[in-house]
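Dumped model_8.pdb below, it's PDB, C-alpha atoms and all ligand atoms:
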```
ATOM      1  CA  THR I   1       2.671  -6.838  33.860
ATOM      2  CA  ILE I   2       4.094  -4.297  31.475
ATOM      3  CA  PRO I   3       1.781  -1.301  31.108
ATOM      4  CA  ALA I   4       0.394  -0.882  27.599
ATOM      5  CA  ARG I   5       2.425   1.804  25.919
ATOM      6  CA  ASP I   6       0.613   4.972  24.970
ATOM      7  CA  LEU I   7       0.313   4.824  21.206
ATOM      8  CA  THR I   8       0.359   8.627  20.956
ATOM      9  CA  GLY I   9       4.136   8.457  21.068
ATOM     10  CA  LEU I  10       4.329   6.138  18.066
ATOM     11  CA  PRO I  11       5.356   8.317  15.085
ATOM     12  CA  LYS I  12       2.718   7.782  12.415
ATOM     13  CA  ALA I  13       1.115   9.380   9.366
ATOM     14  CA  HIS I  14      -2.608   9.969   8.813
ATOM     15  CA  LEU I  15      -3.106   9.145   5.138
ATOM     16  CA  HIS I  16      -6.808   8.435   4.732
ATOM     17  CA  VAL I  17      -8.894  11.240   6.158
ATOM     18  CA  HIS I  18     -11.508  13.237   4.289
ATOM     19  CA  LEU I  19     -11.195  16.877   5.285
ATOM     20  CA  GLU I  20     -14.907  17.570   5.642
ATOM     21  CA  GLY I  21     -15.514  14.213   7.338
ATOM     22  CA  ALA I  22     -12.899  15.171   9.926
ATOM     23  CA  MET I  23     -14.711  18.273  11.160
ATOM     24  CA  ARG I  24     -14.762  18.486  14.960
ATOM     25  CA  PRO I  25     -18.258  17.938  16.415
ATOM     26  CA  GLN I  26     -17.921  21.327  18.146
ATOM     27  CA  THR I  27     -17.093  23.029  14.856
ATOM     28  CA  LEU I  28     -20.090  21.351  13.228
ATOM     29  CA  ALA I  29     -22.261  22.660  16.070
ATOM     30  CA  ASP I  30     -20.744  26.168  15.832
ATOM     31  CA  LEU I  31     -21.277  26.382  12.074
ATOM     32  CA  ALA I  32     -24.791  24.925  12.252
ATOM     33  CA  ASP I  33     -25.624  27.504  14.904
ATOM     34  CA  ARG I  34     -24.078  30.382  12.964
ATOM     35  CA  TYR I  35     -25.893  29.490   9.758
ATOM     36  CA  GLY I  36     -29.139  28.420  11.422
ATOM     37  CA  VAL I  37     -28.987  24.884  10.049
ATOM     38  CA  VAL I  38     -30.264  21.765  11.813
ATOM     39  CA  VAL I  39     -27.775  18.943  11.306
ATOM     40  CA  PRO I  40     -28.839  15.288  11.422
ATOM     41  CA  GLN I  41     -27.142  13.560  14.357
ATOM     42  CA  ALA I  42     -27.170  10.018  12.960
ATOM     43  CA  ARG I  43     -24.528   7.397  13.708
ATOM     44  CA  GLY I  44     -24.470   3.692  12.977
ATOM     45  CA  PHE I  45     -25.110   4.085   9.269
ATOM     46  CA  GLY I  46     -24.834   0.568   7.879
ATOM     47  CA  SER I  47     -24.915   1.839   4.318
ATOM     48  CA  PHE I  48     -22.867   4.241   2.249
ATOM     49  CA  ALA I  49     -25.928   6.163   1.012
ATOM     50  CA  VAL I  50     -27.056   7.049   4.548
ATOM     51  CA  PHE I  51     -23.524   7.946   5.504
ATOM     52  CA  LEU I  52     -23.190  10.254   2.510
ATOM     53  CA  ASP I  53     -26.175  12.377   3.616
ATOM     54  CA  LEU I  54     -24.399  13.431   6.792
ATOM     55  CA  TYR I  55     -21.103  13.878   4.967
ATOM     56  CA  LEU I  56     -22.779  16.290   2.555
ATOM     57  CA  ALA I  57     -24.437  18.101   5.484
ATOM     58  CA  ALA I  58     -20.949  18.801   6.867
ATOM     59  CA  CYS I  59     -19.792  20.009   3.430
ATOM     60  CA  ASP I  60     -22.781  22.336   3.200
ATOM     61  CA  LEU I  61     -21.803  24.084   6.456
ATOM     62  CA  LEU I  62     -18.573  25.389   4.933
ATOM     63  CA  ARG I  63     -20.006  28.673   3.708
ATOM     64  CA  ASP I  64     -17.027  30.967   3.973
ATOM     65  CA  ILE I  65     -13.322  30.657   3.131
ATOM     66  CA  ALA I  66     -12.656  31.238   6.855
ATOM     67  CA  ASP I  67     -14.637  28.052   7.655
ATOM     68  CA  LEU I  68     -12.392  26.049   5.346
ATOM     69  CA  ASP I  69      -9.318  27.625   6.955
ATOM     70  CA  ARG I  70     -10.564  26.731  10.456
ATOM     71  CA  LEU I  71     -11.473  23.169   9.431
ATOM     72  CA  THR I  72      -8.070  22.532   7.875
ATOM     73  CA  ARG I  73      -6.180  23.900  10.874
ATOM     74  CA  GLU I  74      -8.213  21.774  13.269
ATOM     75  CA  VAL I  75      -7.668  18.608  11.219
ATOM     76  CA  VAL I  76      -3.912  19.208  11.390
ATOM     77  CA  GLN I  77      -4.058  19.924  15.133
ATOM     78  CA  ASP I  78      -6.058  16.744  15.756
ATOM     79  CA  ALA I  79      -3.519  14.682  13.839
ATOM     80  CA  ALA I  80      -0.680  16.197  15.864
ATOM     81  CA  ARG I  81      -2.601  15.495  19.104
ATOM     82  CA  ASP I  82      -2.767  11.811  18.092
ATOM     83  CA  GLY I  83       0.965  11.606  17.440
ATOM     84  CA  ALA I  84       0.972  12.013  13.677
ATOM     85  CA  VAL I  85       4.194  13.405  12.253
ATOM     86  CA  TRP I  86       2.518  13.784   8.854
ATOM     87  CA  VAL I  87      -1.092  14.384   7.851
ATOM     88  CA  GLU I  88      -2.393  14.036   4.315
ATOM     89  CA  PRO I  89      -6.100  14.904   4.218
ATOM     90  CA  SER I  90      -8.072  14.647   0.996
ATOM     91  CA  ILE I  91     -10.429  17.203  -0.458
ATOM     92  CA  TYR I  92     -12.923  17.071  -3.292
ATOM     93  CA  PRO I  93     -12.737  20.765  -4.254
ATOM     94  CA  MET I  94     -15.980  20.713  -6.264
ATOM     95  CA  HIS I  95     -17.889  20.654  -2.962
ATOM     96  CA  HIS I  96     -16.644  24.200  -2.416
ATOM     97  CA  VAL I  97     -16.731  25.926  -5.792
ATOM     98  CA  ARG I  98     -19.579  28.136  -4.595
ATOM     99  CA  LEU I  99     -16.980  29.813  -2.359
ATOM    100  CA  ALA I 100     -14.169  30.308  -4.849
ATOM    101  CA  PRO I 101     -12.575  28.803  -7.968
ATOM    102  CA  VAL I 102     -10.944  25.386  -7.542
ATOM    103  CA  GLU I 103      -7.385  26.805  -7.608
ATOM    104  CA  GLU I 104      -8.236  29.167  -4.781
ATOM    105  CA  ILE I 105      -9.930  26.446  -2.694
ATOM    106  CA  VAL I 106      -6.815  24.305  -2.995
ATOM    107  CA  GLY I 107      -4.623  27.310  -2.202
ATOM    108  CA  VAL I 108      -6.561  28.196   0.956
ATOM    109  CA  VAL I 109      -6.433  24.632   2.263
ATOM    110  CA  VAL I 110      -2.735  24.250   1.468
ATOM    111  CA  ASP I 111      -1.859  27.562   3.143
ATOM    112  CA  ALA I 112      -3.918  26.727   6.250
ATOM    113  CA  GLY I 113      -2.554  23.174   6.405
ATOM    114  CA  LEU I 114       1.088  24.163   6.023
ATOM    115  CA  SER I 115       0.743  26.991   8.533
ATOM    116  CA  ALA I 116      -0.974  24.816  11.157
ATOM    117  CA  ALA I 117       1.506  22.002  10.571
ATOM    118  CA  ARG I 118       4.421  24.389  11.122
ATOM    119  CA  GLU I 119       2.854  25.506  14.399
ATOM    120  CA  CYS I 120       2.352  21.878  15.499
ATOM    121  CA  GLY I 121       5.802  20.766  14.351
ATOM    122  CA  ILE I 122       4.496  18.144  11.914
ATOM    123  CA  GLY I 123       4.313  17.750   8.121
ATOM    124  CA  PHE I 124       1.312  18.374   5.871
ATOM    125  CA  GLY I 125       0.466  17.413   2.310
ATOM    126  CA  LEU I 126      -2.881  17.690   0.545
ATOM    127  CA  MET I 127      -4.525  14.978  -1.524
ATOM    128  CA  VAL I 128      -6.748  16.422  -4.223
ATOM    129  CA  GLY I 129      -9.495  13.943  -4.975
ATOM    130  CA  ALA I 130     -11.793  13.357  -7.885
ATOM    131  CA  ASN I 131     -15.300  11.914  -7.511
ATOM    132  CA  ARG I 132     -16.036   8.690  -9.369
ATOM    133  CA  THR I 133     -19.750   9.482  -9.676
ATOM    134  CA  GLN I 134     -18.778  12.519 -11.769
ATOM    135  CA  SER I 135     -17.243  12.617 -15.236
ATOM    136  CA  PRO I 136     -13.682  11.573 -16.084
ATOM    137  CA  ALA I 137     -13.383  15.022 -17.726
ATOM    138  CA  GLU I 138     -14.003  16.704 -14.358
ATOM    139  CA  ALA I 139     -11.418  14.377 -12.805
ATOM    140  CA  ALA I 140      -8.897  15.410 -15.466
ATOM    141  CA  ASP I 141      -9.607  19.097 -14.763
ATOM    142  CA  LEU I 142      -8.963  18.485 -11.060
ATOM    143  CA  ALA I 143      -5.775  16.599 -11.912
ATOM    144  CA  ARG I 144      -4.539  19.643 -13.862
ATOM    145  CA  VAL I 145      -5.181  21.896 -10.859
ATOM    146  CA  ALA I 146      -3.481  19.387  -8.551
ATOM    147  CA  ALA I 147      -0.545  19.081 -10.962
ATOM    148  CA  ARG I 148       0.013  22.845 -10.928
ATOM    149  CA  ALA I 149       0.151  22.740  -7.119
ATOM    150  CA  ALA I 150       2.550  19.770  -7.006
ATOM    151  CA  GLY I 151       5.598  20.741  -4.973
ATOM    152  CA  ARG I 152       3.532  23.507  -3.366
ATOM    153  CA  GLY I 153       1.565  21.532  -0.817
ATOM    154  CA  VAL I 154      -0.335  19.044  -2.972
ATOM    155  CA  VAL I 155       1.310  15.626  -2.834
ATOM    156  CA  SER I 156      -1.238  13.047  -3.989
ATOM    157  CA  PHE I 157      -4.272  12.460  -6.178
ATOM    158  CA  GLY I 158      -7.306  10.439  -5.091
ATOM    159  CA  LEU I 159     -10.672   9.137  -6.210
ATOM    160  CA  ALA I 160     -13.588   8.750  -3.801
ATOM    161  CA  ASP I 161     -17.349   8.305  -3.463
ATOM    162  CA  ASP I 162     -19.496   5.319  -4.438
ATOM    163  CA  GLU I 163     -17.166   2.676  -5.849
ATOM    164  CA  THR I 164     -20.079   0.645  -7.189
ATOM    165  CA  SER I 165     -20.936   3.517  -9.569
ATOM    166  CA  THR I 166     -17.836   3.466 -11.802
ATOM    167  CA  PRO I 167     -14.733   1.291 -12.133
ATOM    168  CA  PRO I 168     -11.283   2.923 -12.025
ATOM    169  CA  GLU I 169     -10.431   2.570 -15.728
ATOM    170  CA  PRO I 170     -12.195   5.701 -17.093
ATOM    171  CA  PHE I 171     -10.089   7.815 -14.736
ATOM    172  CA  ALA I 172      -6.768   6.630 -16.193
ATOM    173  CA  PRO I 173      -6.115   9.904 -18.111
ATOM    174  CA  ALA I 174      -6.663  12.010 -14.972
ATOM    175  CA  PHE I 175      -4.278   9.866 -12.944
ATOM    176  CA  ALA I 176      -1.677   9.933 -15.732
ATOM    177  CA  LEU I 177      -1.742  13.748 -15.602
ATOM    178  CA  ALA I 178      -1.338  13.684 -11.830
ATOM    179  CA  ARG I 179       1.495  11.146 -11.876
ATOM    180  CA  ASP I 180       3.342  13.051 -14.612
ATOM    181  CA  ALA I 181       3.427  16.003 -12.209
ATOM    182  CA  GLY I 182       4.970  13.784  -9.521
ATOM    183  CA  LEU I 183       1.812  13.235  -7.492
ATOM    184  CA  LEU I 184       1.263   9.930  -5.719
ATOM    185  CA  SER I 185      -1.665   7.867  -7.009
ATOM    186  CA  ALA I 186      -3.941   6.978  -4.058
ATOM    187  CA  PRO I 187      -7.485   6.148  -5.219
ATOM    188  CA  HIS I 188     -10.213   4.483  -3.152
ATOM    189  CA  GLY I 189     -10.718   0.836  -4.055
ATOM    190  CA  GLY I 190     -11.672  -2.484  -2.548
ATOM    191  CA  GLU I 191     -14.188  -0.950  -0.138
ATOM    192  CA  LEU I 192     -17.657  -1.041  -1.713
ATOM    193  CA  ALA I 193     -16.386  -3.151  -4.644
ATOM    194  CA  GLY I 194     -14.199  -6.238  -4.700
ATOM    195  CA  PRO I 195     -10.762  -7.322  -5.972
ATOM    196  CA  ASP I 196     -11.365  -6.217  -9.590
ATOM    197  CA  SER I 197     -11.588  -2.633  -8.391
ATOM    198  CA  VAL I 198      -8.224  -2.915  -6.621
ATOM    199  CA  ARG I 199      -6.635  -4.576  -9.653
ATOM    200  CA  GLY I 200      -8.005  -1.762 -11.806
ATOM    201  CA  ALA I 201      -6.525   0.815  -9.441
ATOM    202  CA  LEU I 202      -3.115  -0.831  -9.864
ATOM    203  CA  ASP I 203      -3.298  -1.469 -13.620
ATOM    204  CA  ALA I 204      -5.125   1.627 -14.873
ATOM    205  CA  LEU I 205      -4.213   4.212 -12.219
ATOM    206  CA  ALA I 206      -0.774   2.931 -11.119
ATOM    207  CA  ALA I 207      -1.874   3.250  -7.500
ATOM    208  CA  ARG I 208       0.976   3.287  -4.985
ATOM    209  CA  ARG I 209      -1.549   3.489  -2.169
ATOM    210  CA  VAL I 210      -5.124   2.251  -2.167
ATOM    211  CA  GLN I 211      -7.566   3.926   0.215
ATOM    212  CA  HIS I 212      -9.215   0.951   1.965
ATOM    213  CA  GLY I 213      -8.210  -1.883  -0.389
ATOM    214  CA  VAL I 214      -9.314  -4.405   2.230
ATOM    215  CA  ARG I 215     -11.505  -6.430  -0.117
ATOM    216  CA  ALA I 216      -8.314  -7.443  -1.945
ATOM    217  CA  ALA I 217      -8.222 -10.076   0.817
ATOM    218  CA  GLU I 218     -10.849 -12.002  -1.187
ATOM    219  CA  ASP I 219      -8.200 -12.817  -3.834
ATOM    220  CA  ALA I 220      -4.958 -14.554  -2.814
ATOM    221  CA  ASP I 221      -3.143 -13.692  -6.079
ATOM    222  CA  LEU I 222      -3.966 -10.029  -5.627
ATOM    223  CA  VAL I 223      -2.783 -10.113  -2.010
ATOM    224  CA  ARG I 224       0.567 -11.528  -3.181
ATOM    225  CA  ARG I 225       0.822  -8.832  -5.832
ATOM    226  CA  LEU I 226       0.150  -6.042  -3.292
ATOM    227  CA  ALA I 227       2.882  -7.462  -1.067
ATOM    228  CA  ASP I 228       5.350  -7.904  -3.958
ATOM    229  CA  GLU I 229       4.754  -4.414  -5.324
ATOM    230  CA  ALA I 230       4.882  -2.800  -1.854
ATOM    231  CA  VAL I 231       1.536  -1.090  -2.346
ATOM    232  CA  VAL I 232       0.223   0.471   0.866
ATOM    233  CA  LEU I 233      -3.399  -0.072   1.863
ATOM    234  CA  ASP I 234      -4.823   2.854   3.849
ATOM    235  CA  VAL I 235      -7.101   0.793   6.097
ATOM    236  CA  CYS I 236      -9.955   2.240   8.198
ATOM    237  CA  PRO I 237     -11.358  -0.467  10.513
ATOM    238  CA  THR I 238     -14.198   1.474  12.176
ATOM    239  CA  SER I 239     -15.379   2.870   8.845
ATOM    240  CA  ASN I 240     -15.429  -0.644   7.402
ATOM    241  CA  VAL I 241     -17.561  -1.935  10.282
ATOM    242  CA  LEU I 242     -20.027   0.978  10.270
ATOM    243  CA  LEU I 243     -20.473   0.848   6.482
ATOM    244  CA  SER I 244     -20.856  -2.963   6.577
ATOM    245  CA  VAL I 245     -17.778  -3.560   4.413
ATOM    246  CA  VAL I 246     -16.885  -6.292   6.923
ATOM    247  CA  PRO I 247     -19.433  -8.362   8.881
ATOM    248  CA  SER I 248     -17.786  -7.525  12.213
ATOM    249  CA  LEU I 249     -14.577  -6.054  13.592
ATOM    250  CA  GLU I 250     -13.451  -9.537  14.631
ATOM    251  CA  ARG I 251     -13.569 -10.586  10.987
ATOM    252  CA  HIS I 252     -11.658  -7.584   9.660
ATOM    253  CA  PRO I 253      -8.948  -8.758   7.218
ATOM    254  CA  LEU I 254      -6.222  -6.373   8.495
ATOM    255  CA  PRO I 255      -4.341  -9.029  10.519
ATOM    256  CA  ALA I 256      -4.447 -11.473   7.579
ATOM    257  CA  LEU I 257      -3.234  -8.809   5.145
ATOM    258  CA  LEU I 258      -0.309  -7.993   7.442
ATOM    259  CA  ASP I 259       0.439 -11.734   7.820
ATOM    260  CA  ALA I 260       0.651 -11.934   4.020
ATOM    261  CA  GLY I 261       3.218  -9.143   3.943
ATOM    262  CA  VAL I 262       0.941  -6.382   2.680
ATOM    263  CA  ARG I 263       1.940  -2.939   3.944
ATOM    264  CA  CYS I 264      -1.011  -1.295   5.659
ATOM    265  CA  SER I 265      -1.562   2.052   7.320
ATOM    266  CA  VAL I 266      -4.363   2.583   9.860
ATOM    267  CA  ASN I 267      -6.639   5.598   9.505
ATOM    268  CA  ALA I 268      -9.917   7.195  10.611
ATOM    269  CA  ASP I 269     -11.486   8.019   7.176
ATOM    270  CA  ASP I 270     -14.231  10.326   8.552
ATOM    271  CA  PRO I 271     -13.760  10.919  12.299
ATOM    272  CA  LEU I 272     -16.829  13.161  12.601
ATOM    273  CA  LEU I 273     -19.120  10.558  11.143
ATOM    274  CA  PHE I 274     -17.615   7.418  12.619
ATOM    275  CA  GLY I 275     -16.816   8.851  16.061
ATOM    276  CA  CYS I 276     -13.204   7.701  15.856
ATOM    277  CA  SER I 277      -9.766   9.280  15.634
ATOM    278  CA  LEU I 278      -6.371   8.276  14.288
ATOM    279  CA  LEU I 279      -5.299   7.294  17.797
ATOM    280  CA  SER I 280      -8.515   5.417  18.617
ATOM    281  CA  GLU I 281      -8.055   3.347  15.440
ATOM    282  CA  TYR I 282      -4.533   2.338  16.545
ATOM    283  CA  GLN I 283      -5.906   1.480  19.977
ATOM    284  CA  LEU I 284      -8.710  -0.540  18.408
ATOM    285  CA  CYS I 285      -6.168  -2.484  16.354
ATOM    286  CA  ARG I 286      -4.316  -3.362  19.540
ATOM    287  CA  ASP I 287      -7.340  -4.065  21.747
ATOM    288  CA  SER I 288      -9.744  -5.739  19.312
ATOM    289  CA  LEU I 289      -7.668  -6.976  16.371
ATOM    290  CA  GLY I 290      -4.840  -8.260  18.542
ATOM    291  CA  LEU I 291      -2.019  -6.409  16.785
ATOM    292  CA  SER I 292       1.189  -6.558  18.811
ATOM    293  CA  ASP I 293       3.206  -3.424  19.514
ATOM    294  CA  GLU I 294       5.703  -4.687  16.922
ATOM    295  CA  ARG I 295       2.918  -4.950  14.336
ATOM    296  CA  LEU I 296       1.591  -1.515  15.237
ATOM    297  CA  ALA I 297       5.076  -0.095  14.821
ATOM    298  CA  ALA I 298       5.278  -1.714  11.353
ATOM    299  CA  VAL I 299       1.912  -0.194  10.461
ATOM    300  CA  ALA I 300       3.091   3.235  11.614
ATOM    301  CA  ARG I 301       6.330   2.851   9.620
ATOM    302  CA  ALA I 302       4.365   1.831   6.509
ATOM    303  CA  SER I 303       2.197   4.927   6.903
ATOM    304  CA  ILE I 304       5.228   7.190   6.887
ATOM    305  CA  GLU I 305       6.947   5.340   4.052
ATOM    306  CA  GLY I 306       3.766   5.333   1.986
ATOM    307  CA  SER I 307       3.054   9.008   2.551
ATOM    308  CA  GLY I 308       3.493  11.832   0.111
ATOM    309  CA  ALA I 309       6.185  13.359   2.317
ATOM    310  CA  SER I 310       9.525  14.066   0.655
ATOM    311  CA  GLN I 311      12.488  11.749   1.308
ATOM    312  CA  PRO I 312      14.133  14.138   3.818
ATOM    313  CA  GLN I 313      10.803  14.627   5.631
ATOM    314  CA  ARG I 314      10.373  10.860   5.861
ATOM    315  CA  ARG I 315      13.920  10.340   7.087
ATOM    316  CA  ASP I 316      13.346  12.876   9.863
ATOM    317  CA  ALA I 317      10.120  11.128  10.854
ATOM    318  CA  LEU I 318      11.510   7.594  11.071
TER     319      LEU I 318
HETATM  320  N1  LIG G 401     -15.881   9.789   1.003
HETATM  321  C1  LIG G 401     -15.800   9.942   2.320
HETATM  322  N2  LIG G 401     -15.643   8.761   2.922
HETATM  323  C2  LIG G 401     -15.621   7.829   1.946
HETATM  324  C3  LIG G 401     -15.477   6.425   1.922
HETATM  325  N3  LIG G 401     -15.341   5.712   3.043
HETATM  326  N4  LIG G 401     -15.505   5.809   0.730
HETATM  327  C4  LIG G 401     -15.663   6.517  -0.393
HETATM  328  N5  LIG G 401     -15.797   7.821  -0.432
HETATM  329  C5  LIG G 401     -15.770   8.483   0.731
HETATM  330 ZN    ZN G 402     -12.291   7.343   2.385
END
```
Any chance you could give the structure as structure tokens?
Ligand code: ADE
Ligand code: ZN
Amino acid sequence: TIPARDLTGLPKAHLHVHLEGAMRPQTLADLADRYGVVVPQARGFGSFAVFLDLYLAACDLLRDIADLDRLTREVVQDAARDGAVWVEPSIYPMHHVRLAPVEEIVGVVVDAGLSAARECGIGFGLMVGANRTQSPAEAADLARVAARAAGRGVVSFGLADDETSTPPEPFAPAFALARDAGLLSAPHGGELAGPDSVRGALDALAARRVQHGVRAAEDADLVRRLADEAVVLDVCPTSNVLLSVVPSLERHPLPALLDAGVRCSVNADDPLLFGCSLLSEYQLCRDSLGLSDERLAAVARASIEGSGASQPQRRDAL
């Protein structure tokens, strides 16, 4: 038998990873200890609301600019360890405005990310994200900050949090601002809400990537459109299972989406909370979703091609 190839060596991009949700367990423990905070140790959430409590606990532990610097560097190092040639974490800067103004938060994360990426020999780009439970005006303000940092470390604009709270359409002006500055549109969609949310992300936000997007599989016309328009879905299998987006891993739509010609990347979403990593998600796709090495290579290629890396950076990676 041919030994299973180590998927670390497969050049890939990590495109769907929330910075705070990617905190190392040891860093969480260090910060909790330093600040005298008791952190809930829950896993196996089942619902987004329960999950969010722990996510916000991690956010709350970032109490100094140096904590944000450390977190960012470690997220880049972990991506490099897993064989990423590009990492594109997302941040919702409003979580951190008690530390510094939004511009400065973005600047600190970009500087830390670019510096760590240089040390690791990989590429880094930041996704600035808006929060769909907050106002479209706040999203537009964040888009303006992101736009000013386009070409200086910020490469994409996102939209996260509870998808059942607000459809994509009200955020169209924010995404127009971001796109006009050359940022890639990469909102969450098709996770907690169905195909309409993905269609809205395409029509109203001109999404070139959709974070998750897996519930598009419920609509054959939409699946065809995603394939035709070469939209990349940033899929996170473990996250989908633990948040009950899919009934079981065995019934995850990733293989069917790939069969239909939809470009998909594979990602960890929130490694701290889901106990996974970029590499473990690739391994899971091979071991439990039956993706062949050829398929995994196509996924990895789609992740690089769908990334916010510049053309020369992508050419070097492929
Ligand atoms: N923020 C962090 N993880 C998220 C997810 N899976 N969906 C929406 N918002 C998030
Ligand atoms: Zn996410």
Selection under test: the PyMOL selection byres (((chain I and resi 99-102) around 9) and not hetatm); residues as an NGL selection string: :I and (62-65 or 93-94 or 96-98 or 103-107 or 142 or 145)
Expansion of the PyMOL selection byres (((chain I and resi 217-227) around 7) and not hetatm) into residues, as JSON, numbers by chain: {"I": [195, 214, 215, 216, 228, 229, 230, 231, 253, 257, 261, 262, 263]}
Give me the residues within 10 Å of Arg286 in chain I as a PDB file with C-alpha atoms, in the frame of the given file, counting all atoms listed in the file and dropping any in the same chain fewer than 5 places off.
```
ATOM      1  CA  ALA I   4       0.394  -0.882  27.599  1.00  0.00           C
ATOM      2  CA  LEU I   7       0.313   4.824  21.206  1.00  0.00           C
ATOM      3  CA  SER I 280      -8.515   5.417  18.617  1.00  0.00           C
ATOM      4  CA  GLU I 281      -8.055   3.347  15.440  1.00  0.00           C
ATOM      5  CA  LEU I 291      -2.019  -6.409  16.785  1.00  0.00           C
ATOM      6  CA  SER I 292       1.189  -6.558  18.811  1.00  0.00           C
ATOM      7  CA  ASP I 293       3.206  -3.424  19.514  1.00  0.00           C
ATOM      8  CA  ARG I 295       2.918  -4.950  14.336  1.00  0.00           C
ATOM      9  CA  LEU I 296       1.591  -1.515  15.237  1.00  0.00           C
TER      10      LEU I 296
END
```
Nearest residue to ligand ZN 402 (chain G) from the set I:Phe45, I:Tyr35, I:Phe274, I:Trp86 (distances using only C-alpha atoms and all ligand atoms): I:Phe274
Top pick for closest residue to Arg301 in chain I, considering I:Leu242, I:Leu254, I:Ala130, I:Val85 and counting only C-alpha atoms: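 Ranked by minimum distance to Arg301 in chain I, first place goes to I:Val85.
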Exercise answer, 7 Å around ligand ZN 402 (chain G) with all atoms listed in the file, as a ChimeraX atom specification: /I:16-18,160,188,211,269
Ligand LIG 401 (chain G) neighbours within 8 Å using all atoms listed in the file, as a list in words: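 These are the residues that qualify: Val17, His18, Gly21, Phe48, Leu52, Tyr55, Leu159, Ala160, Asp161, Asp162, Glu163, His188, Glu191, Leu192, His212, Ser239, Asn240, Leu243, Asp269 and Asp270 of chain I.
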Please dump the current selection as a PDB file, in the coordinates of the input; keep C-alpha atoms.
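Done, and the output landed in result-v4.pdb:
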```pdb
ATOM      1  CA  VAL I  17      -8.894  11.240   6.158  1.00  0.00           C
ATOM      2  CA  HIS I  18     -11.508  13.237   4.289  1.00  0.00           C
ATOM      3  CA  GLY I  21     -15.514  14.213   7.338  1.00  0.00           C
ATOM      4  CA  PHE I  48     -22.867   4.241   2.249  1.00  0.00           C
ATOM      5  CA  LEU I  52     -23.190  10.254   2.510  1.00  0.00           C
ATOM      6  CA  TYR I  55     -21.103  13.878   4.967  1.00  0.00           C
ATOM      7  CA  LEU I 159     -10.672   9.137  -6.210  1.00  0.00           C
ATOM      8  CA  ALA I 160     -13.588   8.750  -3.801  1.00  0.00           C
ATOM      9  CA  ASP I 161     -17.349   8.305  -3.463  1.00  0.00           C
ATOM     10  CA  ASP I 162     -19.496   5.319  -4.438  1.00  0.00           C
ATOM     11  CA  GLU I 163     -17.166   2.676  -5.849  1.00  0.00           C
ATOM     12  CA  HIS I 188     -10.213   4.483  -3.152  1.00  0.00           C
ATOM     13  CA  GLU I 191     -14.188  -0.950  -0.138  1.00  0.00           C
ATOM     14  CA  LEU I 192     -17.657  -1.041  -1.713  1.00  0.00           C
ATOM     15  CA  HIS I 212      -9.215   0.951   1.965  1.00  0.00           C
ATOM     16  CA  SER I 239     -15.379   2.870   8.845  1.00  0.00           C
ATOM     17  CA  ASN I 240     -15.429  -0.644   7.402  1.00  0.00           C
ATOM     18  CA  LEU I 243     -20.473   0.848   6.482  1.00  0.00           C
ATOM     19  CA  ASP I 269     -11.486   8.019   7.176  1.00  0.00           C
ATOM     20  CA  ASP I 270     -14.231  10.326   8.552  1.00  0.00           C
TER      21      ASP I 270
END
```
Shortest interatomic distance to Ala32 in chain I - which of I:Pro187, I:Val75, I:Asp6, I:Ala57, counting all atoms listed in the file: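 For Ala32 in chain I, the nearest of the given residues is I:Ala57.
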Selection under test: the PyMOL selection byres (((chain I and resi 127-129) around 9) and not hetatm); residues as an MDAnalysis selection string: chainID I and resid 15 88:93 106 125:126 130:131 139 142:143 145:146 153:160 183:184 186:187 308
Point (-20.3, 14.9, 13.7) neighbourhood (6 Å, all atoms listed in the file) written as a list in words: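 Output of the proximity query reads Pro25, Leu272 and Leu273 of chain I.
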Go ahead and save the picked residues with C-alpha atoms, as a short mmCIF file (atom, residue, chain, number, x, y, z; two decimals), keeping the file's coordinate frame.
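The result, written out as result34.cif:
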```cif
data_model
loop_
_atom_site.label_atom_id
_atom_site.label_comp_id
_atom_site.auth_asym_id
_atom_site.auth_seq_id
_atom_site.Cartn_x
_atom_site.Cartn_y
_atom_site.Cartn_z
CA PRO I 25 -18.26 17.94 16.42
CA LEU I 272 -16.83 13.16 12.60
CA LEU I 273 -19.12 10.56 11.14
#
```
Interatomic distance (Å, one decimal) between CA of Cys120 in chain I and CA of Gln77 in chain I: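 Spanning CA of Cys120 in chain I to CA of Gln77 in chain I is a straight-line distance of 6.7 Å.
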Spatial neighbours of Asp111 in chain I, 10 Å, only C-alpha atoms, chain gap at least 2 places, as a list in words: Asp69, Thr72, Arg73, Val106, Gly107, Val108, Val109, Gly113, Leu114, Ser115, Ala116, Ala117, Arg152 and Gly153 of chain I
Pick from I:Leu233, I:Leu71, I:Leu31, I:Ala204, whichever lies nearest to Glu169 in chain I using all atoms listed in the file: I:Ala204
